[in-house]
Protein chains: 2
Amino acid sequence: MRRIPVEQRREELIAAAIRVVTRGGVGALTTRAVAAEAGMPLGAIHYIFASQDELIRAVTDVIRDEERLAAEVVSLEAQTIEDALCAGLGAYVRLVESDPTKELAVLELALHSRRGDRHDTMRDQWSGYRAAARGLLEQAAVRAGVTWTLDLDDLARMLIVAMDGLTLGYLADGDLDAADRAIAILAAALATHTRPLTAEDVHAH
Amino acid sequence: MRRIPVEQRREELIAAAIRVVTRGGVGALTTRAVAAEAGMPLGAIHYIFASQDELIRAVTDVIRDEERLAAEVVSLEAQTIEDALCAGLGAYVRLVESDPTKELAVLELALHSRRGDRHDTMRDQWSGYRAAARGLLEQAAVRAGVTWTLDLDDLARMLIVAMDGLTLGYLADGDLDAADRAIAILAAALATHTRPLTAEDVHAH
DNA sequence: TACTTTGTTGGTCACTTGACCAACTTGGAG
DNA sequence: CTCCAAGTTGGTCAAGTGACCAACAAAGTA
């Protein structure tokens with residue numbers, strides 16, 4: 001009889017659940033499938049989680065946090081704003097390309113939580129995306145020596161809108177070249193809303 | 001005993017299934033739920049559809065065609081390109097606002113079909129969206145007396161990317177004002193890629 | 001009318017699912 | 001060592017599921 005700390009067992013179960021939902025979608029997220037994936041008896045799940053719904057909640061929350069974390073780690077290294085945006089969005093689409101079913105699962109979970117009484121979860125998730133996007137935009141502007149001429153929150157929202165749309169578009173037809181062309185259009189459009197830093201800006205800072 | 005033509009019964013069942021999936025999500029799309037919603041005995045479903053999967057396929061295809069039709073009916077009446085895009089995208093977001101769970105269902109079905117062996121369905125659906133978007137862009141340009149200076153297919157893709165992203169964003173936080181601001185940014189950006197018609201253009205036509 | 005085809009119905013079967021539990025095992029406290 | 005709380009396990013249960021079918025009814029056909 002393996003004796004495992006509750007917390008570790010909880011994490012193992014959530015990890016197994018994520019593998020299950022990635023492989024087979026939300027519909028495949030049954031207690032038995034998760035237990036089998038984790039190599040645990042069925043009862044273990046109900047010892048850790050009060051109900052299946054609580055398990056799904058935990059999975060959704062972990063995914064949400066993982067996504068937020070991943071978003072915050074990104075850094076845009078290019079010198080110009082346009083190049084930075086192209087590189088960043090391009091890298092993101094290639095992440096989707098490398099594991100489409102994972103992104104599919106993330107979306108399914110978000111929609112699933114939004115449908116239940118968990119509208120907040122999706123709201124938080126997207127709010128996290130936007131916060132990260134805002135940070136990236138700020139950082140890229142500093143590096144490029146420019147200032148944004150539109151409200152940063154609006155621009156960040158625009159960036160997330162683009163990422164979501166690119167994701168769905170790529171999942172639909174898998175056309176990477178087309179995605180890159182869309183990214184180019186978008187990066188150029190966003191770069192429009194910058195102006196070089198003036199002495200006044202530096203002083204204000 | 002109601003005796004109904006097969007075709008009509010098929011349509012009634014699909015309509016009932018759409019109501020069910022709109023109300024409760026893909027997970028609620030069971031044969032019994034659909035039969036109850038349609039007011040038919042359970043066996044009727046298996047007389048019309050060979051399997052539950054075939055029913056779901058039919059539902060997905062109908063939704064896909066409905067969406068394509070709805071997209072083609074849209075017309076952009078404003079005079080300038082920018083106004084036309086603002087109005088069109090604004091109207092779309094308000095459509096989502098009026099029935100968010102329906103849009104949720106459409107997305108769920110698309111992702112569900114993409115996960116199974118029905119990648120083509122989602123590909124066709126998005127392809128239809130883009131074709132409609134391309135038509136709208138052409139029409140709006142003619143009305144405004146301008147020409148697009150970028151590839152129309154790329155611009156159409158960009159438009160669909162925006163609509164998808166706006167949809168997810170609105171579903172996440174329901175912020176209509178923010179969506180409108182994003183739309184304004186986007187419309188201005190797309191309008192950049194036009195130039196007035198010259199005599200040469202008219203001659204070429 | 002008699003007969004065939006098509007449509008309809010309620011019920012049943014095998015199976016999966018989430019929830020639950022009683023028995024058992026382990027590790028630590030006294 | 002003894003005992004107890006925490007952890008673990010296999011099994012069971014009721015509910016719900018998709019599929020299927022035999023019996024029946026309504027139209028069409030000869």
# chains A, B, ... in the order shown; residues from 1 in each chain; ligands from 1
call {"tool": "select_by_dssp", "arguments": {"residues": "stretch 37-172 of chain B", "states": "helix (DSSP H, G or I)", "output": "ChimeraX atom specification"}}
result
/B:37-38,42-48,52-73,81-98,100-115,119-144,152-172
call {"tool": "residues_around", "arguments": {"residues": "stretch 93-97 of chain B", "least_positions_apart": "3", "cutoff": "12 Å", "atoms": "only C-alpha atoms (C1' of nucleotides)", "output": "JSON, numbers by chain"}}
result
{"B": [70, 71, 74, 86, 87, 88, 89, 90, 100, 101, 102, 103, 104, 105, 106, 107, 162, 163, 164, 165, 166, 167, 168, 169, 170, 171, 172, 173, 174, 175, 176, 177, 178, 179, 180, 181, 182, 183]}
call {"tool": "closest_atom_pairs", "arguments": {"of": "chain B", "to": "chain D", "cutoff": "9 Å", "atoms": "only C-alpha atoms (C1' of nucleotides)", "output": "Markdown table"}}
result
| residue | atom | partner | partner_atom | distance |
| --- | --- | --- | --- | --- |
| B:Met1 | CA | D:DA25 | C1' | 7.6 |
| B:Arg3 | CA | D:DA26 | C1' | 7.7 |
| B:Thr30 | CA | D:DT17 | C1' | 8.0 |
| B:Thr31 | CA | D:DG18 | C1' | 7.7 |
| B:Arg32 | CA | D:DT17 | C1' | 8.7 |
| B:His46 | CA | D:DA19 | C1' | 8.2 |
| B:Ser51 | CA | D:DA19 | C1' | 8.0 |
| B:Gln52 | CA | D:DG18 | C1' | 7.4 |
call {"tool": "atom_distance", "arguments": {"atom1": "atom CA of B:Glu66", "atom2": "atom CA of B:Gly135"}}
result
17.1 Å
call {"tool": "interface_residues", "arguments": {"of": "chain C", "to": "chain A", "cutoff": "9 Å", "atoms": "only C-alpha atoms (C1' of nucleotides)", "output": "ChimeraX atom specification"}}
result
/C:17-20,25-26
call {"tool": "select_by_dssp", "arguments": {"residues": "chain B", "states": "strand (DSSP E or B)", "output": "mmCIF file with N, CA and C atoms, in the first residue's frame"}}
result
data_model
loop_
_atom_site.group_PDB
_atom_site.id
_atom_site.type_symbol
_atom_site.label_atom_id
_atom_site.label_comp_id
_atom_site.auth_asym_id
_atom_site.auth_seq_id
_atom_site.Cartn_x
_atom_site.Cartn_y
_atom_site.Cartn_z
ATOM 1 N N VAL B 146 -13.059 52.473 -52.704
ATOM 2 C CA VAL B 146 -11.629 52.261 -52.450
ATOM 3 C C VAL B 146 -11.233 50.849 -52.885
ATOM 4 N N THR B 147 -9.947 50.594 -52.859
ATOM 5 C CA THR B 147 -9.424 49.258 -53.142
ATOM 6 C C THR B 147 -8.584 48.808 -51.970
ATOM 7 N N TRP B 148 -8.581 47.520 -51.707
ATOM 8 C CA TRP B 148 -7.706 46.979 -50.667
ATOM 9 C C TRP B 148 -6.291 46.871 -51.219
ATOM 10 N N THR B 194 -6.242 50.497 -47.459
ATOM 11 C CA THR B 194 -7.049 50.821 -48.641
ATOM 12 C C THR B 194 -6.462 52.050 -49.312
ATOM 13 N N ARG B 195 -6.772 52.220 -50.583
ATOM 14 C CA ARG B 195 -6.461 53.467 -51.267
ATOM 15 C C ARG B 195 -7.629 53.782 -52.195
ATOM 16 N N PRO B 196 -7.851 55.059 -52.484
ATOM 17 C CA PRO B 196 -8.973 55.441 -53.350
ATOM 18 C C PRO B 196 -8.830 54.789 -54.718
#
call {"tool": "atom_distance", "arguments": {"atom1": "atom C1' of C:DA2", "atom2": "atom CA of B:Tyr47"}}
result
27.5 Å
call {"tool": "atom_distance", "arguments": {"atom1": "atom CA of B:Ala144", "atom2": "atom CA of A:Ala188"}}
result
23.4 Å
call {"tool": "closest_residue", "arguments": {"among": "A:Glu72, A:Asp65, A:Asp53, A:Asp120", "to": "chain B", "atoms": "only C-alpha atoms"}}
result
A:Asp120
call {"tool": "decode", "arguments": {"residues": "stretch 28-63 of chain A", "atoms": "N, CA and C atoms", "output": "CSV table (one decimal), in the first residue's frame"}}
result
chain,number,residue,atom,x,y,z
A,28,ALA,N,-14.2,13.0,-21.7
A,28,ALA,CA,-13.4,11.8,-21.3
A,28,ALA,C,-13.0,11.9,-19.8
A,29,LEU,N,-13.3,13.1,-19.2
A,29,LEU,CA,-12.8,13.3,-17.9
A,29,LEU,C,-13.6,12.6,-16.8
A,30,THR,N,-13.6,11.3,-16.8
A,30,THR,CA,-14.3,10.6,-15.8
A,30,THR,C,-13.4,10.2,-14.6
A,31,THR,N,-14.1,9.9,-13.5
A,31,THR,CA,-13.3,9.5,-12.3
A,31,THR,C,-12.4,8.2,-12.6
A,32,ARG,N,-13.1,7.3,-13.3
A,32,ARG,CA,-12.3,6.1,-13.6
A,32,ARG,C,-11.1,6.3,-14.5
A,33,ALA,N,-11.4,7.1,-15.5
A,33,ALA,CA,-10.3,7.4,-16.5
A,33,ALA,C,-9.1,8.0,-15.8
A,34,VAL,N,-9.4,9.0,-14.9
A,34,VAL,CA,-8.4,9.7,-14.1
A,34,VAL,C,-7.6,8.7,-13.2
A,35,ALA,N,-8.4,7.9,-12.5
A,35,ALA,CA,-7.8,6.9,-11.6
A,35,ALA,C,-6.9,6.0,-12.3
A,36,ALA,N,-7.3,5.5,-13.5
A,36,ALA,CA,-6.5,4.6,-14.3
A,36,ALA,C,-5.2,5.3,-14.7
A,37,GLU,N,-5.4,6.5,-15.2
A,37,GLU,CA,-4.3,7.2,-15.7
A,37,GLU,C,-3.2,7.5,-14.6
A,38,ALA,N,-3.7,7.7,-13.4
A,38,ALA,CA,-2.8,7.9,-12.3
A,38,ALA,C,-2.4,6.6,-11.6
A,39,GLY,N,-2.9,5.5,-12.1
A,39,GLY,CA,-2.6,4.2,-11.5
A,39,GLY,C,-3.0,4.1,-10.0
A,40,MET,N,-4.2,4.6,-9.8
A,40,MET,CA,-4.7,4.6,-8.4
A,40,MET,C,-6.1,3.9,-8.4
A,41,PRO,N,-6.5,3.4,-7.3
A,41,PRO,CA,-7.8,2.8,-7.2
A,41,PRO,C,-8.8,4.0,-7.3
A,42,LEU,N,-10.1,3.6,-7.7
A,42,LEU,CA,-11.1,4.6,-7.9
A,42,LEU,C,-11.4,5.4,-6.6
A,43,GLY,N,-11.4,4.7,-5.5
A,43,GLY,CA,-11.7,5.3,-4.2
A,43,GLY,C,-10.8,6.5,-3.8
A,44,ALA,N,-9.6,6.4,-4.3
A,44,ALA,CA,-8.6,7.5,-4.0
A,44,ALA,C,-9.1,8.8,-4.4
A,45,ILE,N,-9.8,8.9,-5.5
A,45,ILE,CA,-10.2,10.2,-6.0
A,45,ILE,C,-11.2,10.8,-5.0
A,46,HIS,N,-12.1,10.0,-4.5
A,46,HIS,CA,-13.2,10.5,-3.6
A,46,HIS,C,-12.6,10.7,-2.2
A,47,TYR,N,-11.5,10.2,-2.0
A,47,TYR,CA,-10.9,10.6,-0.7
A,47,TYR,C,-10.2,12.0,-0.8
A,48,ILE,N,-9.7,12.3,-1.9
A,48,ILE,CA,-9.0,13.6,-2.1
A,48,ILE,C,-10.1,14.7,-2.5
A,49,PHE,N,-10.9,14.3,-3.4
A,49,PHE,CA,-11.9,15.3,-3.9
A,49,PHE,C,-13.3,14.9,-3.4
A,50,ALA,N,-14.1,15.8,-3.0
A,50,ALA,CA,-15.4,15.5,-2.5
A,50,ALA,C,-16.3,15.0,-3.6
A,51,SER,N,-16.1,15.5,-4.8
A,51,SER,CA,-16.9,15.2,-5.9
A,51,SER,C,-16.1,15.3,-7.2
A,52,GLN,N,-16.7,14.8,-8.3
A,52,GLN,CA,-16.1,14.9,-9.6
A,52,GLN,C,-16.0,16.4,-10.0
A,53,ASP,N,-17.0,17.1,-9.6
A,53,ASP,CA,-17.0,18.6,-9.9
A,53,ASP,C,-15.8,19.3,-9.3
A,54,GLU,N,-15.5,18.9,-8.0
A,54,GLU,CA,-14.4,19.5,-7.4
A,54,GLU,C,-13.1,19.2,-8.1
A,55,LEU,N,-13.0,17.9,-8.6
A,55,LEU,CA,-11.8,17.6,-9.4
A,55,LEU,C,-11.7,18.4,-10.6
A,56,ILE,N,-12.8,18.6,-11.3
A,56,ILE,CA,-12.8,19.4,-12.5
A,56,ILE,C,-12.4,20.8,-12.2
A,57,ARG,N,-12.9,21.3,-11.1
A,57,ARG,CA,-12.6,22.7,-10.7
A,57,ARG,C,-11.1,22.8,-10.5
A,58,ALA,N,-10.5,21.8,-9.8
A,58,ALA,CA,-9.1,21.9,-9.5
A,58,ALA,C,-8.3,21.9,-10.8
A,59,VAL,N,-8.7,21.0,-11.7
A,59,VAL,CA,-8.0,20.9,-13.0
A,59,VAL,C,-8.1,22.3,-13.7
A,60,THR,N,-9.3,22.8,-13.7
A,60,THR,CA,-9.5,24.1,-14.4
A,60,THR,C,-8.6,25.2,-13.8
A,61,ASP,N,-8.6,25.2,-12.5
A,61,ASP,CA,-7.8,26.3,-11.8
A,61,ASP,C,-6.3,26.1,-12.1
A,62,VAL,N,-5.9,24.8,-12.0
A,62,VAL,CA,-4.4,24.6,-12.3
A,62,VAL,C,-4.1,25.0,-13.7
A,63,ILE,N,-4.9,24.6,-14.7
A,63,ILE,CA,-4.7,25.0,-16.0
A,63,ILE,C,-4.6,26.6,-16.1
